[in-house]
Structure formats: structure tokens, C-alpha cells
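Here the structure comes first, spelled out in C-alpha cells, and everything after it is commentary.
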Amino acid sequence: MTNIMKKISAFALLFISINAFAVDPIYTPLLSNNAIRGYDTVAYFTEGKPVKGDKKYSTEYQGANWLFSSQEHMDLFVANPEKYAPQYGGYCAYAVSQNTTASIEPEQFTVLDGKLYLNYNQSVNDLWNTDRAGFITTADKNWPQVLAK
């Protein structure tokens with residue numbers, strides 16, 4: 001094996017190993033640091049739907065960038081991020097109930113008892129809706145220890 005190939009192999013192994021043992025506390029997509037894929041977390045509560053955020057209204061929280069559709073929404077979040085941040089760091093709520101993590105689609109959401117839950121896709125969200133209370137109870141037990149898996 002050439003020296004360059006050895007370096008590439010070592011880097012790939014290191015990269016895979018680091019990711020296998022460390023999951024960020026806030027879900028952000030690969031090659032982005034935007035929470036909720038750049039959607040406005042406050043809008044789920046105020047408008048009842050996902051709304052794309054704007055880079056001119058952004059703040060940092062728990063190592064991720066959070067985008068908002070307005071200055072008002074950004075100010076609400078900055079004043080009380082725990083109120084508006086999604087549960088389980090924005091990872092798929094159903095996945096956390098299964099003791100793992102998964103990405104999300106911002107359109108697959110539930111606001112329940114003043115908390116935002118996001119899910120992987122429509123079929124997972126449909127499954128989530130069959131026993132939200134049960135999945136939340138299990139996910140609450142798994143969080144945040146699931147990040148260390």
C-alpha cells in the first residue's frame with residue numbers, strides 16, 4: 001500500500017471511529033451546523049408549522065447555529081432556548097425511544113404539552129403517533145445517555 005493510501009485509510013478509520021463514539025448534543029446535518037436543518041424552531045409553536053429560517057436571524061446555542069424567520073422569533077429563543085429547542089437535541093424522537101439516534105425531516109413534527117418532537121420521515125412519524133406518550137416515556141429514559149452509544 002502506498003504511503004498516501006495508508007494516510008487516507010488511517011484518516012478514514014479515525015473519522016469513522018470518532019463518529020462511532022461521539023454524537024453531538026444537537027442534531028445538525030453533515031456539512032452544516034444548522035439545527036433543525038435551518039428551520040425556525042419558534043415557528044413550530046407560534047405558527048404551528050415548519051418555517052425556513054433566514055441567516056440574518058441566527059444565534060448559537062449548544063454548539064449549533066439556529067436560524068429564525070424573524071427578529072422576534074430569534075429574541076424569543078434567546079430569552080428562553082429550553083422552551084423552544086426540540087426535545088432530544090433535535091434528533092428523531094422515535095429513534096431516541098429505540099435507544100439510538102437518527103436525522104430528521106423538519107416537516108415531521110409534533111408539538112405536545114409545549115414541547116417540540118421531530119421525526120425521521122412520514123412513516124416514522126405515523127408510527128410515533130400510535131403511542132406518543134409511551135415513546136416519550138421511553139425516550140426520556142434513554143436521553144441523553146444515547147449520545148454516548
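Chain lettering (A, B, ...) mirrors the order of the C-alpha cells, residue numbering begins at 1 for each chain separately, and ligand numbering begins at 1 in order of display.
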Give me, as a PDB file with N, CA and C atoms, in the first residue's frame, all polymer residues having an atom no more than 8 Å from Trp143 of chain A, counting only C-alpha atoms and skipping those fewer than 4 positions away in the same chain.
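In the end it all went to result_18.pdb:
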```
ATOM      1  N   TYR A  88     -34.690  16.078  22.786  1.00  0.00           N
ATOM      2  CA  TYR A  88     -33.636  15.134  22.382  1.00  0.00           C
ATOM      3  C   TYR A  88     -32.667  15.748  21.381  1.00  0.00           C
ATOM      4  N   VAL A  96     -34.763   7.916  19.361  1.00  0.00           N
ATOM      5  CA  VAL A  96     -34.288   8.002  20.749  1.00  0.00           C
ATOM      6  C   VAL A  96     -35.081   7.032  21.617  1.00  0.00           C
ATOM      7  N   ALA A 139     -38.147   7.394  25.504  1.00  0.00           N
ATOM      8  CA  ALA A 139     -37.102   8.298  25.011  1.00  0.00           C
ATOM      9  C   ALA A 139     -36.529   9.137  26.152  1.00  0.00           C
ATOM     10  N   LEU A 147     -26.525   9.431  23.470  1.00  0.00           N
ATOM     11  CA  LEU A 147     -25.467  10.150  22.748  1.00  0.00           C
ATOM     12  C   LEU A 147     -24.116   9.476  22.880  1.00  0.00           C
TER      13      LEU A 147
END
```
Q: Please identify all polymer residues within 7 Å of segment 32-49 of chain A, counting only C-alpha atoms, omitting same-chain residues fewer than 4 positions from it, and present them as a ChimeraX atom specification.
A: /A:26-28,53,64-69,73,77,84-85,90,106
Q: Considering only C-alpha atoms, return as a ChimeraX atom specification whatever protein or nucleic-acid residues lie within 7 Å of Ser97 of chain A, sequence-local ones (same chain, fewer than 6 positions apart) excluded.
A: /A:135-136,138-139,142
Q: Work out how far atom CA of Pro50 of chain A is from atom CA of Leu118 of chain A, in Å to one decimal.
A: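 Taking atom CA of Leu118 of chain A as the start and atom CA of Pro50 of chain A as the end point, the length is 10.7 Å.
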